[in-house]
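**Q** Would you mind keeping the following structure in view while I ask a few things?
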Amino acid sequence: MLKRHFTLAALLAVSAAFAAPAFAQDKPLKLGVTAGPHAQIAEAVKQAAAKEGLSIQVIEFSDFIQPNAALVAGDLDANAYQHHPYLDQQVKDRGYKLVAAANTVVLPIALYSKKVKSLADLPAGAQIGLPNDPTNGGRALLLLQEHGLIKLRASAGIKATPLDVVDNPKKLRLRELDAAQLVHALNDLDAAVINTSYAIAAKLNPSKDAIARESANSPYTNLIAVRQADKDKPWVARLVKAYHSDEVRQFIDKEFQGSIVPAF
């Protein structure tokens with residue numbers, strides 16, 4: 001009789017185990033993003049994750065600095081807003097113990113203008129706005145070089161600054177501004193190199209409104225960042241799985257029409 005009760009209890013335990021959620025958590029995973037496309041994609045990720053038993057709280061930031069600081073401080077569990085060179089620079093400059101858990105999307109950076117319709121129309125001495133953070137500033141200069149507007153010293157690479165410009169045929173005046181402010185400064189500039197996340201938020205379509213755009217071979221793939229100590233935890237794999245789902249890919253393709261490209 002005892003044996004029968006034990007067997008029934010064991011069967012009930014096994015049944016309960018199979019009925020349990022795929023992932024148990026005490027509180028929602030906090031995912032930091034910047035406002036705009038990254039936040040929109042994160043909401044799609046949140047829905048995909050919920051189907052796997054992972055609850056996500058999306059937290060928006062208005063600049064590039066705070067999401068990493070918040071992740072290091074433990075106020076976030078992960079963030080998804082930056083590309084590899086930016087994270088590498090933050091780790092080097094600030095000593096952050098952060099790592100990439102997976103790739104997410106590519107947001108090709110582009111040059112926009114409200115005053116001219118093409119690169120050829122840029123006047124001599126034109127004022128060109130650039131992001132003032134090291135990695136995006138270098139990326140912007142490489143874009144200008146790619147389209148023949150300037151030439152950089154060969155050793156500059158992705159860390160180029162305006163001091164690395166060795167040829168400037170049109171005598172362009174390069175003005176470094178906070179990345180988030182470049183959209184607002186467009187009326188005062190002849191053109192500006194603007195990150196796609198800020199451009200889309202300002203109703204600029206990179207594929208239609210840009211007068212020059214980064215090639216599809218960009219090394220600036222965005223990523224999910226986590227603390228080094230967390231990289232092998234089960235919830236990280238769950239988050240990556242949700243982000244890399246067909247549901248999220250389809251959302252990106254439909255919502256952004258090629259302006260943002262999945263990198264998974």
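Residue numbering restarts at 1 for every chain of the structure tokens, chains are lettered A, B, ... in their displayed order, and ligands are numbered from 1 as they appear.
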Using only C-alpha atoms, which residues of region 71-131 of chain A come within 8 Å of region 138-159 of chain A, and what is the closest atom pair for each, with the distance in Å to one decimal? Give it as CSV, sorted by chain and residue number.
**A**
```
residue,atom,partner,partner_atom,distance
A:Ile109,CA,A:Ala140,CA,7.4
A:Ala110,CA,A:Leu143,CA,7.6
A:Leu130,CA,A:Ala140,CA,6.3
A:Pro131,CA,A:Ala140,CA,7.3
```
**Q** Would you give me, as a Markdown table, each residue of region 99-156 of chain A having an atom within 12 Å of an atom of region 197-201 of chain A, along with its shortest atom pair and that distance in Å to one decimal, using only C-alpha atoms and sorting by chain and residue number?
**A**
```
| residue | atom | partner | partner_atom | distance |
| --- | --- | --- | --- | --- |
| A:Val105 | CA | A:Ser197 | CA | 11.3 |
| A:Val106 | CA | A:Ser197 | CA | 10.5 |
| A:Leu107 | CA | A:Ser197 | CA | 7.3 |
| A:Pro108 | CA | A:Ser197 | CA | 9.5 |
| A:Ile109 | CA | A:Ser197 | CA | 9.0 |
| A:Ala110 | CA | A:Ala199 | CA | 8.8 |
| A:Leu111 | CA | A:Ala199 | CA | 10.0 |
| A:Tyr112 | CA | A:Ala199 | CA | 8.9 |
| A:Ser113 | CA | A:Ala199 | CA | 11.5 |
| A:Pro131 | CA | A:Tyr198 | CA | 11.4 |
```
**Q** Any chance you could export the current selection's C-alpha atoms as an mmCIF file, in the first residue's frame?
**A**
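Listed below is the output, result.cif:
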```cif
data_model
loop_
_atom_site.group_PDB
_atom_site.id
_atom_site.type_symbol
_atom_site.label_atom_id
_atom_site.label_comp_id
_atom_site.auth_asym_id
_atom_site.auth_seq_id
_atom_site.Cartn_x
_atom_site.Cartn_y
_atom_site.Cartn_z
ATOM 1 C CA VAL A 105 20.942 44.658 -35.215
ATOM 2 C CA VAL A 106 22.911 46.988 -37.464
ATOM 3 C CA LEU A 107 21.767 50.607 -37.680
ATOM 4 C CA PRO A 108 23.725 52.147 -40.568
ATOM 5 C CA ILE A 109 24.750 55.706 -39.672
ATOM 6 C CA ALA A 110 23.977 58.392 -42.272
ATOM 7 C CA LEU A 111 24.468 62.016 -43.296
ATOM 8 C CA TYR A 112 21.336 64.198 -43.389
ATOM 9 C CA SER A 113 20.662 67.743 -44.531
ATOM 10 C CA PRO A 131 28.716 62.922 -32.720
#
```
**Q** Between A:Thr196, A:Gln90, A:Thr104, A:Asn187, single out the one closest to Ile128 (chain A), counting only C-alpha atoms.
**A**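 Between A:Thr196, A:Gln90, A:Thr104, A:Asn187, the residue approaching Ile128 (chain A) most closely is A:Asn187.
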**Q** Looking at only C-alpha atoms, which of A:Gln82, A:Arg238, A:Asn222, A:Leu54 is the one that sits closest to Pro67 (chain A)?
**A** A:Gln82
**Q** Would you kindly return, as a PyMOL selection string, each protein, DNA or RNA residue with an atom no farther than 10 Å from any atom of Phe251 (chain A), considering only C-alpha atoms and excluding same-chain residues fewer than 5 positions away?
**A** chain A and resi 40-41+44-45+246+256-257
**Q** Please write the residues from the selection above to a file, keeping N, CA and C atoms, as a PDB file, in the first residue's frame.
**A**
```
ATOM      1  N   GLN A  40      11.576  50.099 -29.288  1.00  0.00           N
ATOM      2  CA  GLN A  40      10.518  49.419 -30.043  1.00  0.00           C
ATOM      3  C   GLN A  40      10.827  47.929 -30.196  1.00  0.00           C
ATOM      4  N   ILE A  41      12.072  47.639 -30.535  1.00  0.00           N
ATOM      5  CA  ILE A  41      12.466  46.236 -30.696  1.00  0.00           C
ATOM      6  C   ILE A  41      12.381  45.505 -29.359  1.00  0.00           C
ATOM      7  N   ALA A  44       9.052  44.123 -28.640  1.00  0.00           N
ATOM      8  CA  ALA A  44       8.794  42.879 -29.373  1.00  0.00           C
ATOM      9  C   ALA A  44       9.510  41.712 -28.698  1.00  0.00           C
ATOM     10  N   VAL A  45      10.727  41.969 -28.211  1.00  0.00           N
ATOM     11  CA  VAL A  45      11.484  40.943 -27.482  1.00  0.00           C
ATOM     12  C   VAL A  45      10.730  40.552 -26.210  1.00  0.00           C
ATOM     13  N   ASP A 246      12.130  34.319 -34.575  1.00  0.00           N
ATOM     14  CA  ASP A 246      11.540  34.710 -35.857  1.00  0.00           C
ATOM     15  C   ASP A 246      10.543  35.852 -35.668  1.00  0.00           C
ATOM     16  N   PHE A 256      10.822  48.548 -39.873  1.00  0.00           N
ATOM     17  CA  PHE A 256      11.881  49.473 -40.280  1.00  0.00           C
ATOM     18  C   PHE A 256      12.238  49.410 -41.763  1.00  0.00           C
ATOM     19  N   GLN A 257      11.652  48.469 -42.494  1.00  0.00           N
ATOM     20  CA  GLN A 257      11.764  48.446 -43.952  1.00  0.00           C
ATOM     21  C   GLN A 257      13.202  48.587 -44.448  1.00  0.00           C
TER      22      GLN A 257
END
```
**Q** Distance CA of Pro169 (chain A)-CA of Leu189 (chain A), one decimal place?
**A** 18.5 Å
**Q** Please identify the alpha helix (DSSP H) residues within region 34-256 of chain A (assignment by DSSP from backbone atoms) and present them as a PyMOL selection string.
**A** chain A and resi 37-50+66-73+84-94+134-146+182-185+196-201+206-209+234-243+246-256
**Q** Could you write out, as a ChimeraX atom specification, all the residues of region 71-235 of chain A that DSSP marks as strand (DSSP E or B)?
**A** /A:78-83,98-106,110-112,127-131,151-152,165-167,173-177,191-194,212-213,221-227
**Q** Considering only C-alpha atoms, return as a PyMOL selection string whatever protein or nucleic-acid residues lie within 8 Å of Leu98 (chain A), sequence-local ones (same chain, fewer than 6 positions apart) excluded.
**A** chain A and resi 72+87+91+225-228
**Q** The selected residues should be written to file as a PDB file, in the first residue's frame (atoms: C-alpha atoms).
**A**
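Result saved to result.pdb:
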```
ATOM      1  CA  VAL A  72      27.453  48.139 -13.850  1.00  0.00           C
ATOM      2  CA  LEU A  87      31.268  48.867 -25.651  1.00  0.00           C
ATOM      3  CA  VAL A  91      35.323  48.948 -21.077  1.00  0.00           C
ATOM      4  CA  ALA A 225      25.501  43.567 -22.961  1.00  0.00           C
ATOM      5  CA  VAL A 226      25.570  41.892 -19.554  1.00  0.00           C
ATOM      6  CA  ARG A 227      27.878  41.896 -16.567  1.00  0.00           C
ATOM      7  CA  GLN A 228      30.817  39.557 -17.019  1.00  0.00           C
TER       8      GLN A 228
END
```
**Q** Applying 8 Å and only C-alpha atoms, which residues near region 170-180 of chain A remain after dropping the ones on its own chain fewer than 3 positions away? List them as a ChimeraX atom specification.
**A** /A:62-63,123-133,137,149,162,183,194-195,198
**Q** Write out, as a PDB file, in the first residue's frame, the residues just selected, with N, CA and C atoms.
**A**
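Result written to out36.pdb:
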```pdb
ATOM      1  N   SER A  62      17.784  58.289 -22.293  1.00  0.00           N
ATOM      2  CA  SER A  62      17.835  59.323 -23.327  1.00  0.00           C
ATOM      3  C   SER A  62      19.242  59.592 -23.839  1.00  0.00           C
ATOM      4  N   ASP A  63      20.247  58.886 -23.310  1.00  0.00           N
ATOM      5  CA  ASP A  63      21.611  59.078 -23.783  1.00  0.00           C
ATOM      6  C   ASP A  63      22.341  57.746 -23.834  1.00  0.00           C
ATOM      7  N   PRO A 123      28.156  73.193 -50.041  1.00  0.00           N
ATOM      8  CA  PRO A 123      29.024  74.318 -50.426  1.00  0.00           C
ATOM      9  C   PRO A 123      30.390  74.249 -49.758  1.00  0.00           C
ATOM     10  N   ALA A 124      31.335  74.955 -50.274  1.00  0.00           N
ATOM     11  CA  ALA A 124      32.638  75.080 -49.627  1.00  0.00           C
ATOM     12  C   ALA A 124      32.437  75.698 -48.252  1.00  0.00           C
ATOM     13  N   GLY A 125      33.117  75.164 -47.261  1.00  0.00           N
ATOM     14  CA  GLY A 125      33.006  75.694 -45.906  1.00  0.00           C
ATOM     15  C   GLY A 125      31.756  75.240 -45.178  1.00  0.00           C
ATOM     16  N   ALA A 126      31.062  74.263 -45.718  1.00  0.00           N
ATOM     17  CA  ALA A 126      29.826  73.776 -45.089  1.00  0.00           C
ATOM     18  C   ALA A 126      30.103  73.282 -43.668  1.00  0.00           C
ATOM     19  N   GLN A 127      29.143  73.542 -42.772  1.00  0.00           N
ATOM     20  CA  GLN A 127      29.255  73.064 -41.392  1.00  0.00           C
ATOM     21  C   GLN A 127      28.619  71.673 -41.303  1.00  0.00           C
ATOM     22  N   ILE A 128      29.422  70.705 -40.851  1.00  0.00           N
ATOM     23  CA  ILE A 128      28.969  69.325 -40.751  1.00  0.00           C
ATOM     24  C   ILE A 128      28.996  68.898 -39.282  1.00  0.00           C
ATOM     25  N   GLY A 129      27.861  68.480 -38.765  1.00  0.00           N
ATOM     26  CA  GLY A 129      27.792  68.025 -37.382  1.00  0.00           C
ATOM     27  C   GLY A 129      28.223  66.575 -37.247  1.00  0.00           C
ATOM     28  N   LEU A 130      28.978  66.297 -36.187  1.00  0.00           N
ATOM     29  CA  LEU A 130      29.450  64.944 -35.898  1.00  0.00           C
ATOM     30  C   LEU A 130      29.128  64.592 -34.445  1.00  0.00           C
ATOM     31  N   PRO A 131      28.867  63.316 -34.128  1.00  0.00           N
ATOM     32  CA  PRO A 131      28.716  62.922 -32.720  1.00  0.00           C
ATOM     33  C   PRO A 131      30.027  63.158 -31.981  1.00  0.00           C
ATOM     34  N   ASN A 132      29.945  63.607 -30.740  1.00  0.00           N
ATOM     35  CA  ASN A 132      31.179  63.949 -30.019  1.00  0.00           C
ATOM     36  C   ASN A 132      31.733  62.826 -29.160  1.00  0.00           C
ATOM     37  N   ASP A 133      31.089  61.628 -29.173  1.00  0.00           N
ATOM     38  CA  ASP A 133      31.686  60.516 -28.424  1.00  0.00           C
ATOM     39  C   ASP A 133      32.700  59.818 -29.330  1.00  0.00           C
ATOM     40  N   GLY A 137      32.011  59.308 -33.269  1.00  0.00           N
ATOM     41  CA  GLY A 137      32.713  60.368 -33.987  1.00  0.00           C
ATOM     42  C   GLY A 137      33.618  59.788 -35.058  1.00  0.00           C
ATOM     43  N   LEU A 149      34.477  63.011 -49.087  1.00  0.00           N
ATOM     44  CA  LEU A 149      34.434  64.389 -48.589  1.00  0.00           C
ATOM     45  C   LEU A 149      35.711  64.790 -47.869  1.00  0.00           C
ATOM     46  N   PRO A 162      38.666  64.630 -35.654  1.00  0.00           N
ATOM     47  CA  PRO A 162      38.912  65.673 -36.656  1.00  0.00           C
ATOM     48  C   PRO A 162      40.388  66.010 -36.829  1.00  0.00           C
ATOM     49  N   VAL A 183      20.116  65.988 -34.360  1.00  0.00           N
ATOM     50  CA  VAL A 183      18.835  66.155 -35.072  1.00  0.00           C
ATOM     51  C   VAL A 183      18.301  67.559 -34.882  1.00  0.00           C
ATOM     52  N   ILE A 194      24.100  61.435 -38.283  1.00  0.00           N
ATOM     53  CA  ILE A 194      23.190  61.130 -37.180  1.00  0.00           C
ATOM     54  C   ILE A 194      23.001  59.622 -37.046  1.00  0.00           C
ATOM     55  N   ASN A 195      23.073  59.144 -35.814  1.00  0.00           N
ATOM     56  CA  ASN A 195      22.800  57.734 -35.550  1.00  0.00           C
ATOM     57  C   ASN A 195      21.366  57.409 -35.950  1.00  0.00           C
ATOM     58  N   TYR A 198      18.376  57.913 -33.441  1.00  0.00           N
ATOM     59  CA  TYR A 198      17.908  59.290 -33.273  1.00  0.00           C
ATOM     60  C   TYR A 198      17.214  59.792 -34.543  1.00  0.00           C
TER      61      TYR A 198
END
```
**Q** Need to verify the contact set: Lys114 (chain A), 12 Å, only C-alpha atoms, exclusion of same-chain residues closer than 5 positions in sequence. Can you return it as number ranges by chain?
**A** A: 121-122, 128, 183-192, 204, 209-211
**Q** Could you give me, as a ChimeraX atom specification, the residues within 9 Å of Ala39 (chain A), counting only C-alpha atoms and dropping anything in the same chain fewer than 6 positions from it?
**A** /A:32-33,58-60,80-81
**Q** Check the smallest atom-to-atom distance from each of A:Ala202, A:Leu239, A:Ala73, A:Val193 to Pro28 (chain A) using only C-alpha atoms, then report the winner.
**A** A:Leu239
**Q** Can you measure CA of Asn103 (chain A) to CA of Gln66 (chain A) for me? One decimal in Å is fine.
**A**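 About the pair CA of Asn103 (chain A) and CA of Gln66 (chain A): they are 20.3 Å apart.
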**Q** From the list A:Ala212, A:Arg94, A:Val236, A:Lys27, which residue is nearest Leu119 (chain A) when using only C-alpha atoms?
**A**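 Checking each of A:Ala212, A:Arg94, A:Val236, A:Lys27 against Leu119 (chain A), counting only C-alpha atoms, the winner is A:Ala212.
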**Q** For Gly95 (chain A), which of A:Ala48, A:Asn68, A:Leu29, A:Asp75 is the closest residue, counting only C-alpha atoms?
**A**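 Nearest to Gly95 (chain A): A:Asn68.
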